[in-house]
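Q: Structure file protein-v3.cif (mmCIF, C-alpha atoms, pLDDT in the B column; chains and numbers go by the auth columns) right here:
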data_work
loop_
_atom_site.group_PDB
_atom_site.id
_atom_site.type_symbol
_atom_site.label_atom_id
_atom_site.label_comp_id
_atom_site.label_asym_id
_atom_site.label_seq_id
_atom_site.Cartn_x
_atom_site.Cartn_y
_atom_site.Cartn_z
_atom_site.B_iso_or_equiv
_atom_site.auth_seq_id
_atom_site.auth_asym_id
ATOM 1 C CA MET A 1 123.309 111.175 86.944 46.00 234 J
ATOM 2 C CA ASN A 2 126.920 112.023 87.765 47.00 235 J
ATOM 3 C CA LYS A 3 127.358 114.121 84.644 46.00 236 J
ATOM 4 C CA PRO A 4 126.208 117.435 86.136 47.00 237 J
ATOM 5 C CA GLU A 5 128.625 116.930 89.024 45.00 238 J
ATOM 6 C CA ALA A 6 131.439 116.360 86.562 45.00 239 J
ATOM 7 C CA ASN A 7 130.503 119.543 84.684 46.00 240 J
ATOM 8 C CA GLU A 8 130.363 121.486 87.922 42.00 241 J
ATOM 9 C CA THR A 9 133.766 120.135 88.908 42.00 242 J
ATOM 10 C CA THR A 10 135.143 121.131 85.521 43.00 243 J
ATOM 11 C CA GLN A 11 133.720 124.645 85.875 43.00 244 J
ATOM 12 C CA ASN A 12 135.229 125.051 89.335 43.00 245 J
ATOM 13 C CA THR A 13 138.566 123.771 88.074 42.00 246 J
ATOM 14 C CA ASN A 14 138.524 126.203 85.167 44.00 247 J
ATOM 15 C CA LYS A 15 137.840 129.227 87.331 41.00 248 J
ATOM 16 C CA THR A 16 140.649 131.712 87.231 41.00 249 J
ATOM 17 C CA PRO A 17 142.357 131.826 90.611 41.00 250 J
ATOM 18 C CA PRO A 18 142.715 135.185 92.315 41.00 251 J
ATOM 19 C CA GLN A 19 145.640 137.123 90.955 44.00 252 J
ATOM 20 C CA ASN A 20 148.404 138.060 93.385 47.00 253 J
ATOM 21 C CA ASN A 21 150.530 139.768 90.749 52.00 254 J
ATOM 22 C CA ASP A 22 149.679 143.310 91.869 63.00 255 J
ATOM 23 C CA PHE A 23 152.036 143.129 94.849 55.00 256 J
ATOM 24 C CA LEU A 24 154.871 141.630 92.775 67.00 257 J
ATOM 25 C CA GLY A 25 154.300 144.201 90.045 69.00 258 J
ATOM 26 C CA ASN A 26 154.409 147.080 92.534 65.00 259 J
ATOM 27 C CA LEU A 27 157.540 145.646 94.121 63.00 260 J
ATOM 28 C CA ALA A 28 159.334 145.097 90.815 73.00 261 J
ATOM 29 C CA PHE A 29 158.428 148.290 88.940 73.00 262 J
ATOM 30 C CA ASN A 30 158.351 150.739 91.869 69.00 263 J
ATOM 31 C CA ILE A 31 161.341 149.501 93.874 63.00 264 J
ATOM 32 C CA VAL A 32 163.517 146.662 92.562 69.00 265 J
ATOM 33 C CA ILE A 33 164.100 147.815 88.959 78.00 266 J
ATOM 34 C CA PRO A 34 164.587 151.549 89.793 75.00 267 J
ATOM 35 C CA VAL A 35 166.969 150.684 92.648 68.00 268 J
ATOM 36 C CA LEU A 36 169.052 148.390 90.424 76.00 269 J
ATOM 37 C CA ILE A 37 169.280 151.050 87.691 78.00 270 J
ATOM 38 C CA LEU A 38 170.199 153.859 90.087 71.00 271 J
ATOM 39 C CA SER A 39 172.671 151.735 92.041 68.00 272 J
ATOM 40 C CA TYR A 40 174.498 149.914 89.253 68.00 273 J
ATOM 41 C CA LEU A 41 173.929 151.780 85.972 72.00 274 J
ATOM 42 C CA SER A 42 174.419 155.407 87.001 68.00 275 J
ATOM 43 C CA GLY A 43 178.163 155.449 86.402 71.00 276 J
ATOM 44 C CA GLU A 44 179.590 157.382 83.444 71.00 277 J
ATOM 45 C CA GLU A 45 180.670 154.093 81.860 68.00 278 J
ATOM 46 C CA TYR A 46 177.039 152.964 81.728 67.00 279 J
ATOM 47 C CA LEU A 47 174.003 155.268 81.521 80.00 280 J
ATOM 48 C CA GLY A 48 175.326 158.217 83.483 76.00 281 J
ATOM 49 C CA PRO A 49 173.492 160.017 86.326 74.00 282 J
ATOM 50 C CA ALA A 50 170.881 161.871 84.240 75.00 283 J
ATOM 51 C CA VAL A 51 169.894 159.034 81.880 81.00 284 J
ATOM 52 C CA SER A 52 169.796 156.498 84.712 79.00 285 J
ATOM 53 C CA VAL A 53 167.353 158.703 86.641 78.00 286 J
ATOM 54 C CA VAL A 54 165.097 159.012 83.587 80.00 287 J
ATOM 55 C CA CYS A 55 165.188 155.239 82.990 85.00 288 J
ATOM 56 C CA ALA A 56 164.615 154.411 86.646 78.00 289 J
ATOM 57 C CA LEU A 57 161.630 156.749 86.957 78.00 290 J
ATOM 58 C CA ALA A 58 160.105 155.538 83.694 82.00 291 J
ATOM 59 C CA PHE A 59 159.246 152.184 85.299 81.00 292 J
ATOM 60 C CA PRO A 60 157.060 153.408 88.210 78.00 293 J
ATOM 61 C CA ILE A 61 155.438 156.063 85.994 78.00 294 J
ATOM 62 C CA GLY A 62 154.704 153.521 83.259 82.00 295 J
ATOM 63 C CA TYR A 63 153.403 150.966 85.749 79.00 296 J
ATOM 64 C CA GLY A 64 151.233 153.579 87.447 75.00 297 J
ATOM 65 C CA ILE A 65 149.657 154.657 84.152 79.00 298 J
ATOM 66 C CA TRP A 66 149.117 151.025 83.130 82.00 299 J
ATOM 67 C CA ASP A 67 147.513 150.258 86.496 74.00 300 J
ATOM 68 C CA LEU A 68 145.171 153.238 86.145 73.00 301 J
ATOM 69 C CA LYS A 69 144.195 152.106 82.646 78.00 302 J
ATOM 70 C CA LYS A 70 143.669 148.511 83.797 77.00 303 J
ATOM 71 C CA SER A 71 141.493 149.454 86.766 69.00 304 J
ATOM 72 C CA GLY A 72 139.338 151.684 84.575 67.00 305 J
ATOM 73 C CA LYS A 73 138.955 154.309 87.269 63.00 306 J
ATOM 74 C CA VAL A 74 140.944 157.185 88.687 57.00 307 J
ATOM 75 C CA ASN A 75 142.736 156.283 91.906 59.00 308 J
ATOM 76 C CA GLY A 76 143.866 159.283 93.935 62.00 309 J
ATOM 77 C CA PHE A 77 146.690 157.335 95.555 63.00 310 J
ATOM 78 C CA SER A 78 148.036 156.157 92.188 64.00 311 J
ATOM 79 C CA ILE A 79 147.937 159.699 90.811 70.00 312 J
ATOM 80 C CA LEU A 80 149.725 160.997 93.904 70.00 313 J
ATOM 81 C CA GLY A 81 152.374 158.306 93.427 68.00 314 J
ATOM 82 C CA ILE A 82 152.913 159.273 89.782 72.00 315 J
ATOM 83 C CA ILE A 83 153.176 162.962 90.734 78.00 316 J
ATOM 84 C CA SER A 84 155.686 162.053 93.446 76.00 317 J
ATOM 85 C CA VAL A 85 157.864 160.157 90.961 75.00 318 J
ATOM 86 C CA ILE A 86 157.700 162.991 88.407 79.00 319 J
ATOM 87 C CA LEU A 87 158.708 165.520 91.078 82.00 320 J
ATOM 88 C CA THR A 88 161.646 163.340 92.120 79.00 321 J
ATOM 89 C CA GLY A 89 162.795 163.144 88.516 79.00 322 J
ATOM 90 C CA GLY A 90 162.371 166.876 87.930 82.00 323 J
ATOM 91 C CA ILE A 91 164.225 167.873 91.090 84.00 324 J
ATOM 92 C CA THR A 92 167.051 165.428 90.315 80.00 325 J
ATOM 93 C CA LEU A 93 167.459 166.380 86.654 81.00 326 J
ATOM 94 C CA LEU A 94 167.405 170.090 87.488 83.00 327 J
ATOM 95 C CA GLU A 95 170.129 169.343 90.058 83.00 328 J
ATOM 96 C CA LEU A 96 168.255 171.202 92.785 87.00 329 J
ATOM 97 C CA PRO A 97 169.492 170.875 96.394 89.00 330 J
ATOM 98 C CA ALA A 98 168.650 167.596 98.158 87.00 331 J
ATOM 99 C CA GLU A 99 166.510 169.628 100.580 90.00 332 J
ATOM 100 C CA TYR A 100 163.811 169.741 97.887 91.00 333 J
ATOM 101 C CA ILE A 101 163.729 165.940 97.718 88.00 334 J
ATOM 102 C CA ALA A 102 163.454 165.770 101.508 90.00 335 J
ATOM 103 C CA ILE A 103 160.564 168.247 101.517 91.00 336 J
ATOM 104 C CA LYS A 104 158.810 166.367 98.708 87.00 337 J
ATOM 105 C CA GLU A 105 159.266 163.037 100.493 85.00 338 J
ATOM 106 C CA ALA A 106 157.709 164.495 103.646 89.00 339 J
ATOM 107 C CA ALA A 107 154.935 166.354 101.815 89.00 340 J
ATOM 108 C CA ILE A 108 153.305 163.354 100.071 83.00 341 J
ATOM 109 C CA PRO A 109 152.404 161.296 103.195 85.00 342 J
ATOM 110 C CA GLY A 110 151.734 164.551 105.064 89.00 343 J
ATOM 111 C CA ILE A 111 149.093 165.493 102.483 87.00 344 J
ATOM 112 C CA LEU A 112 147.544 162.033 102.830 84.00 345 J
ATOM 113 C CA GLY A 113 147.383 162.413 106.617 87.00 346 J
ATOM 114 C CA ILE A 114 145.629 165.770 106.308 91.00 347 J
ATOM 115 C CA ALA A 115 143.271 164.294 103.694 87.00 348 J
ATOM 116 C CA VAL A 116 142.302 161.493 106.103 86.00 349 J
ATOM 117 C CA LEU A 117 141.400 164.022 108.797 89.00 350 J
ATOM 118 C CA ILE A 118 139.468 166.283 106.425 89.00 351 J
ATOM 119 C CA SER A 119 137.573 163.341 104.924 86.00 352 J
ATOM 120 C CA GLN A 120 136.006 162.652 108.323 83.00 353 J
ATOM 121 C CA TYR A 121 133.822 165.707 107.715 83.00 354 J
ATOM 122 C CA THR A 122 132.632 164.463 104.309 81.00 355 J
ATOM 123 C CA ASN A 123 130.579 161.541 103.039 75.00 356 J
ATOM 124 C CA ARG A 124 133.744 159.854 101.703 74.00 357 J
ATOM 125 C CA SER A 125 135.762 158.893 104.763 78.00 358 J
ATOM 126 C CA LEU A 126 139.187 157.684 103.657 78.00 359 J
ATOM 127 C CA VAL A 127 139.252 155.251 106.589 79.00 360 J
ATOM 128 C CA LYS A 128 136.236 153.494 105.097 76.00 361 J
ATOM 129 C CA ILE A 129 137.984 153.419 101.721 74.00 362 J
ATOM 130 C CA LEU A 130 141.313 152.213 103.137 71.00 363 J
ATOM 131 C CA ILE A 131 140.218 149.848 105.911 72.00 364 J
ATOM 132 C CA LEU A 132 136.473 149.241 105.713 75.00 365 J
ATOM 133 C CA ASN A 133 136.214 149.069 101.932 72.00 366 J
ATOM 134 C CA GLU A 134 132.750 148.114 100.683 73.00 367 J
ATOM 135 C CA ASN A 135 134.374 145.385 98.583 73.00 368 J
ATOM 136 C CA VAL A 136 135.459 143.759 101.838 76.00 369 J
ATOM 137 C CA ILE A 137 132.812 144.786 104.378 80.00 370 J
ATOM 138 C CA ASN A 138 129.107 144.056 103.972 81.00 371 J
ATOM 139 C CA TRP A 139 127.900 147.464 105.107 83.00 372 J
ATOM 140 C CA GLN A 140 124.226 146.598 104.888 85.00 373 J
ATOM 141 C CA ALA A 141 124.628 143.720 107.356 86.00 374 J
ATOM 142 C CA LEU A 142 126.892 145.793 109.595 87.00 375 J
ATOM 143 C CA ASN A 143 124.505 148.763 109.684 87.00 376 J
ATOM 144 C CA GLU A 144 121.568 146.496 110.472 89.00 377 J
ATOM 145 C CA ALA A 145 123.453 144.846 113.349 90.00 378 J
ATOM 146 C CA LEU A 146 124.553 148.232 114.727 90.00 379 J
ATOM 147 C CA ALA A 147 121.022 149.641 114.457 91.00 380 J
ATOM 148 C CA LYS A 148 119.629 146.617 116.288 90.00 381 J
ATOM 149 C CA LYS A 149 121.951 147.378 119.226 89.00 382 J
ATOM 150 C CA GLN A 150 121.426 151.159 118.803 90.00 383 J
ATOM 151 C CA ASN A 151 125.174 151.612 118.423 90.00 384 J
ATOM 152 C CA THR A 152 125.391 153.245 114.973 89.00 385 J
ATOM 153 C CA ALA A 153 126.446 156.667 116.277 90.00 386 J
ATOM 154 C CA LEU A 154 128.926 155.105 118.689 91.00 387 J
ATOM 155 C CA PHE A 155 130.546 153.063 115.908 89.00 388 J
ATOM 156 C CA ASN A 156 130.895 156.213 113.797 87.00 389 J
ATOM 157 C CA ARG A 157 132.802 157.767 116.689 89.00 390 J
ATOM 158 C CA LYS A 158 135.063 154.706 116.763 89.00 391 J
ATOM 159 C CA ILE A 159 135.738 155.225 113.047 87.00 392 J
ATOM 160 C CA THR A 160 136.802 158.787 113.884 87.00 393 J
ATOM 161 C CA VAL A 161 139.264 157.457 116.477 89.00 394 J
ATOM 162 C CA SER A 162 140.581 155.004 113.892 88.00 395 J
ATOM 163 C CA SER A 163 141.013 157.869 111.428 88.00 396 J
ATOM 164 C CA TYR A 164 143.322 159.601 113.906 90.00 397 J
ATOM 165 C CA ILE A 165 145.452 156.441 114.063 88.00 398 J
ATOM 166 C CA VAL A 166 145.600 156.221 110.254 86.00 399 J
ATOM 167 C CA ALA A 167 146.433 159.941 109.934 89.00 400 J
ATOM 168 C CA ALA A 168 149.142 159.519 112.576 90.00 401 J
ATOM 169 C CA SER A 169 150.667 156.685 110.516 87.00 402 J
ATOM 170 C CA PHE A 170 150.989 159.043 107.536 87.00 403 J
ATOM 171 C CA PHE A 171 152.477 161.803 109.703 91.00 404 J
ATOM 172 C CA VAL A 172 155.025 159.334 111.123 89.00 405 J
ATOM 173 C CA SER A 173 155.851 158.308 107.555 87.00 406 J
ATOM 174 C CA SER A 174 156.248 161.982 106.616 89.00 407 J
ATOM 175 C CA PHE A 175 158.712 162.575 109.452 91.00 408 J
ATOM 176 C CA LEU A 176 160.719 159.418 108.701 89.00 409 J
ATOM 177 C CA ASN A 177 160.794 160.245 104.973 88.00 410 J
ATOM 178 C CA TYR A 178 162.334 163.637 105.694 92.00 411 J
ATOM 179 C CA ILE A 179 164.932 162.238 108.112 92.00 412 J
ATOM 180 C CA LEU A 180 165.892 159.431 105.735 91.00 413 J
ATOM 181 C CA ALA A 181 166.348 161.823 102.789 91.00 414 J
ATOM 182 C CA LYS A 182 168.445 164.221 104.877 91.00 415 J
ATOM 183 C CA MET A 183 170.676 161.391 106.130 92.00 416 J
ATOM 184 C CA ILE A 184 171.287 159.669 102.776 92.00 417 J
ATOM 185 C CA LEU A 185 171.330 162.450 100.145 90.00 418 J
ATOM 186 C CA VAL A 186 174.616 164.137 101.025 90.00 419 J
ATOM 187 C CA SER A 187 176.461 164.231 97.683 89.00 420 J
ATOM 188 C CA GLU A 188 176.353 166.956 95.050 87.00 421 J
ATOM 189 C CA PRO A 189 173.211 166.748 92.853 86.00 422 J
ATOM 190 C CA GLY A 190 173.908 165.556 89.320 82.00 423 J
ATOM 191 C CA THR A 191 176.766 163.269 90.322 85.00 424 J
ATOM 192 C CA THR A 192 176.923 159.486 90.146 85.00 425 J
ATOM 193 C CA ALA A 193 177.242 159.338 93.941 87.00 426 J
ATOM 194 C CA TYR A 194 174.040 161.343 94.362 87.00 427 J
ATOM 195 C CA THR A 195 172.163 159.066 91.952 85.00 428 J
ATOM 196 C CA GLU A 196 173.363 155.996 93.858 87.00 429 J
ATOM 197 C CA GLU A 197 172.214 157.615 97.102 88.00 430 J
ATOM 198 C CA LEU A 198 168.796 158.161 95.529 85.00 431 J
ATOM 199 C CA GLY A 199 168.641 154.441 94.794 84.00 432 J
ATOM 200 C CA ARG A 200 169.710 153.611 98.357 87.00 433 J
ATOM 201 C CA MET A 201 167.029 155.924 99.749 85.00 434 J
ATOM 202 C CA THR A 202 164.374 154.243 97.584 79.00 435 J
ATOM 203 C CA ALA A 203 165.495 150.795 98.765 81.00 436 J
ATOM 204 C CA LEU A 204 165.540 151.759 102.444 83.00 437 J
ATOM 205 C CA SER A 205 162.305 153.721 102.408 78.00 438 J
ATOM 206 C CA TYR A 206 160.151 150.606 102.459 73.00 439 J
ATOM 207 C CA PRO A 207 161.610 148.705 105.424 76.00 440 J
ATOM 208 C CA VAL A 208 162.374 151.866 107.416 74.00 441 J
ATOM 209 C CA ILE A 209 159.139 153.746 106.719 74.00 442 J
ATOM 210 C CA MET A 210 156.523 151.231 105.617 75.00 443 J
ATOM 211 C CA VAL A 211 156.993 148.840 108.548 80.00 444 J
ATOM 212 C CA PRO A 212 156.050 151.314 111.316 79.00 445 J
ATOM 213 C CA SER A 213 153.323 152.793 109.110 77.00 446 J
ATOM 214 C CA LEU A 214 151.829 149.365 108.444 80.00 447 J
ATOM 215 C CA ILE A 215 151.952 148.516 112.154 85.00 448 J
ATOM 216 C CA MET A 216 149.860 151.603 112.869 83.00 449 J
ATOM 217 C CA LEU A 217 147.463 150.849 110.010 81.00 450 J
ATOM 218 C CA PHE A 218 146.967 147.294 111.268 86.00 451 J
ATOM 219 C CA SER A 219 146.438 148.722 114.754 88.00 452 J
ATOM 220 C CA ALA A 220 143.622 150.874 113.360 86.00 453 J
ATOM 221 C CA LEU A 221 142.131 147.817 111.647 85.00 454 J
ATOM 222 C CA ALA A 222 142.404 145.702 114.807 88.00 455 J
ATOM 223 C CA TYR A 223 140.765 148.483 116.820 89.00 456 J
ATOM 224 C CA LEU A 224 137.800 148.613 114.425 87.00 457 J
ATOM 225 C CA ILE A 225 137.445 144.814 114.388 87.00 458 J
ATOM 226 C CA ILE A 226 137.304 144.768 118.196 90.00 459 J
ATOM 227 C CA GLN A 227 134.747 147.589 118.230 90.00 460 J
ATOM 228 C CA MET A 228 132.723 145.921 115.480 88.00 461 J
ATOM 229 C CA LYS A 229 132.401 142.757 117.563 88.00 462 J
ATOM 230 C CA LYS A 230 131.772 144.663 120.781 90.00 463 J
ATOM 231 C CA LEU A 231 129.054 146.950 119.387 91.00 464 J
ATOM 232 C CA THR A 232 127.194 144.334 117.332 90.00 465 J
ATOM 233 C CA GLY A 233 127.631 141.261 119.516 87.00 466 J
ATOM 234 C CA GLU A 234 128.603 139.307 116.387 87.00 467 J
ATOM 235 C CA ASP A 235 131.884 137.996 115.025 83.00 468 J
ATOM 236 C CA TYR A 236 133.395 140.398 112.479 79.00 469 J
ATOM 237 C CA LEU A 237 133.645 137.546 109.948 80.00 470 J
ATOM 238 C CA SER A 238 129.874 137.708 109.582 80.00 471 J
ATOM 239 C CA PHE A 239 130.322 141.154 107.990 80.00 472 J
ATOM 240 C CA ILE A 240 132.945 140.100 105.451 80.00 473 J
ATOM 241 C CA GLN A 241 131.703 140.158 101.860 69.00 474 J
ATOM 242 C CA GLU A 242 131.307 136.718 100.327 67.00 475 J
ATOM 243 C CA GLU A 243 133.169 136.111 97.069 58.00 476 J
ATOM 244 C CA GLY A 244 131.134 135.786 93.932 48.00 477 J
#
Rewrite the structure from the file as structure tokens, please.

A:
Amino acid sequence: MNKPEANETTQNTNKTPPQNNDFLGNLAFNIVIPVLILSYLSGEEYLGPAVSVVCALAFPIGYGIWDLKKSGKVNGFSILGIISVILTGGITLLELPAEYIAIKEAAIPGILGIAVLISQYTNRSLVKILILNENVINWQALNEALAKKQNTALFNRKITVSSYIVAASFFVSSFLNYILAKMILVSEPGTTAYTEELGRMTALSYPVIMVPSLIMLFSALAYLIIQMKKLTGEDYLSFIQEEG
């Protein structure tokens, strides 16, 4: 009689645990490895400025392409990241003024901020994709609860407010990107010093830029969670998708 229980236990034990390698992969291939190459291998006695830039940029580009292939679908953010890396490499190898890097660094998050605002007028709100993803939120249950309280339209207005917060986070990131690039990239393009500065900028961009941006993104999420509970009268956990 206990055999089925044993089989069930075995099946549960053999289930593959959720993979948390995506974050480590992003960290390693997009930041750690490129920074190490640009900072320590850009000298003439090693790879030299030009080759080190090519090697450093090959890792995020390769990882981005692999991630797109693995996911099996086109991700606009991944494509934008690959384009950003290619532009950085092109500007650096062509030895264009650092101003171009600064403009590029500001343009990418700026474009995302504008896209968030524009998406509010379409059927594909980026806030829903970023924060209220259908893989996380049970939209059918949420819509039913909102309809019961006649608060569907009001919640949509709250999503619009949240979209302004998310867009603002990208605009803040755009501003900080530009300032950081202008402050760090001061050497002559094509030199070892410039390549090392590029590595320093890449290393600093995450704590300096991502932290305030993430705070604002979490603020937008917290705002929607509060509104979700307020407008449905139910705990937001009841709208979280169940695994399996």

Q: What gap, in Å, lies between atom CA of Lys391 of chain J and atom CA of Gln460 of chain J?

A: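 Spanning atom CA of Lys391 of chain J to atom CA of Gln460 of chain J is a straight-line distance of 7.3 Å.
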
Q: Evaluate the PyMOL selection byres ((chain J and resi 284) around 12) here and jot the selected residues down as a list in words.

A: Ile270, Leu271, Leu274, Ser275, Gly276, Glu277, Glu278, Tyr279, Leu280, Gly281, Pro282, Ala283, Ser285, Val286, Val287, Cys288, Ala289, Leu290, Ala291, Gly322, Thr325, Leu326, Gly423, Thr424, Thr425 and Thr428 of chain J

Q: Could you tell me how far atom CA of Ile417 of chain J sits from atom CA of Leu431 of chain J, in Å to one decimal place?

A: 7.8 Å

Q: Just give me the gap between atom CA of Pro293 of chain J and atom CA of Ile334 of chain J in Å, one decimal is fine.

A: 17.1 Å

Q: Suppose a student applies the PyMOL selection byres ((chain J and resi 407-410) around 8) to this structure; what residues should they get, written as a list of chain:residue names?

A: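 On this input, the PyMOL selection byres ((chain J and resi 407-410) around 8) captures J:Ala335, J:Glu338, J:Ala339, J:Ala340, J:Ile341, J:Pro342, J:Gly343, J:Phe403, J:Phe404, J:Val405, J:Ser406, J:Tyr411, J:Ile412, J:Leu413, J:Ala414, J:Ser438, J:Val441, J:Ile442.
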
Q: Once the PyMOL selection byres ((chain J and resi 360-362) around 8) is applied to the coordinates I shared, what remains selected? I want it as a ChimeraX atom specification.

A: /J:349,357-359,363-367,392,395-396,399

Q: Out of J:Met461, J:Pro267, J:Met443, J:Pro330, which residue has the shortest atom-to-atom distance to Trp372 of chain J when counting all atoms listed in the file?

A: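 For Trp372 of chain J, the nearest of the given residues is J:Met461.
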
Q: Of the candidates J:Leu379, J:Ala400, J:Ile448, J:Ala426, which shows the shortest atom-to-atom distance to Ile347 of chain J, using all atoms listed in the file?

A: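 Ranked by minimum distance to Ile347 of chain J, first place goes to J:Ala400.
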
Q: Return the padded bounding box of segment 332-345 of chain J as AutoDock Vina command-line options: axis-aligned, built from all atoms listed in the file, 5 Å added on each side, with centre and edge lengths in Å to one decimal.

A:
--center_x 157.0 --center_y 165.5 --center_z 101.4 --size_x 29.0 --size_y 18.4 --size_z 17.3

Q: Given only C-alpha atoms as the basis, pick out the residue of J:Leu437, J:Leu320, J:Ile294, J:Ile312 nearest to Ile336 of chain J.

A: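 Nearest to Ile336 of chain J: J:Leu320.
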
Q: Residues within 8 Å of Ile398 of chain J, please, as a PyMOL selection string. Count all atoms listed in the file; anything in the same chain fewer than 4 positions from it doesn't count.

A: chain J and resi 394+402+449-450+452-453

Q: Determine the nearest neighbour of Ile351 of chain J from the options J:Tyr397, J:Glu430, J:Glu377, J:Phe472, counting all atoms listed in the file.

A: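 Result for the nearest residue to Ile351 of chain J: J:Tyr397.
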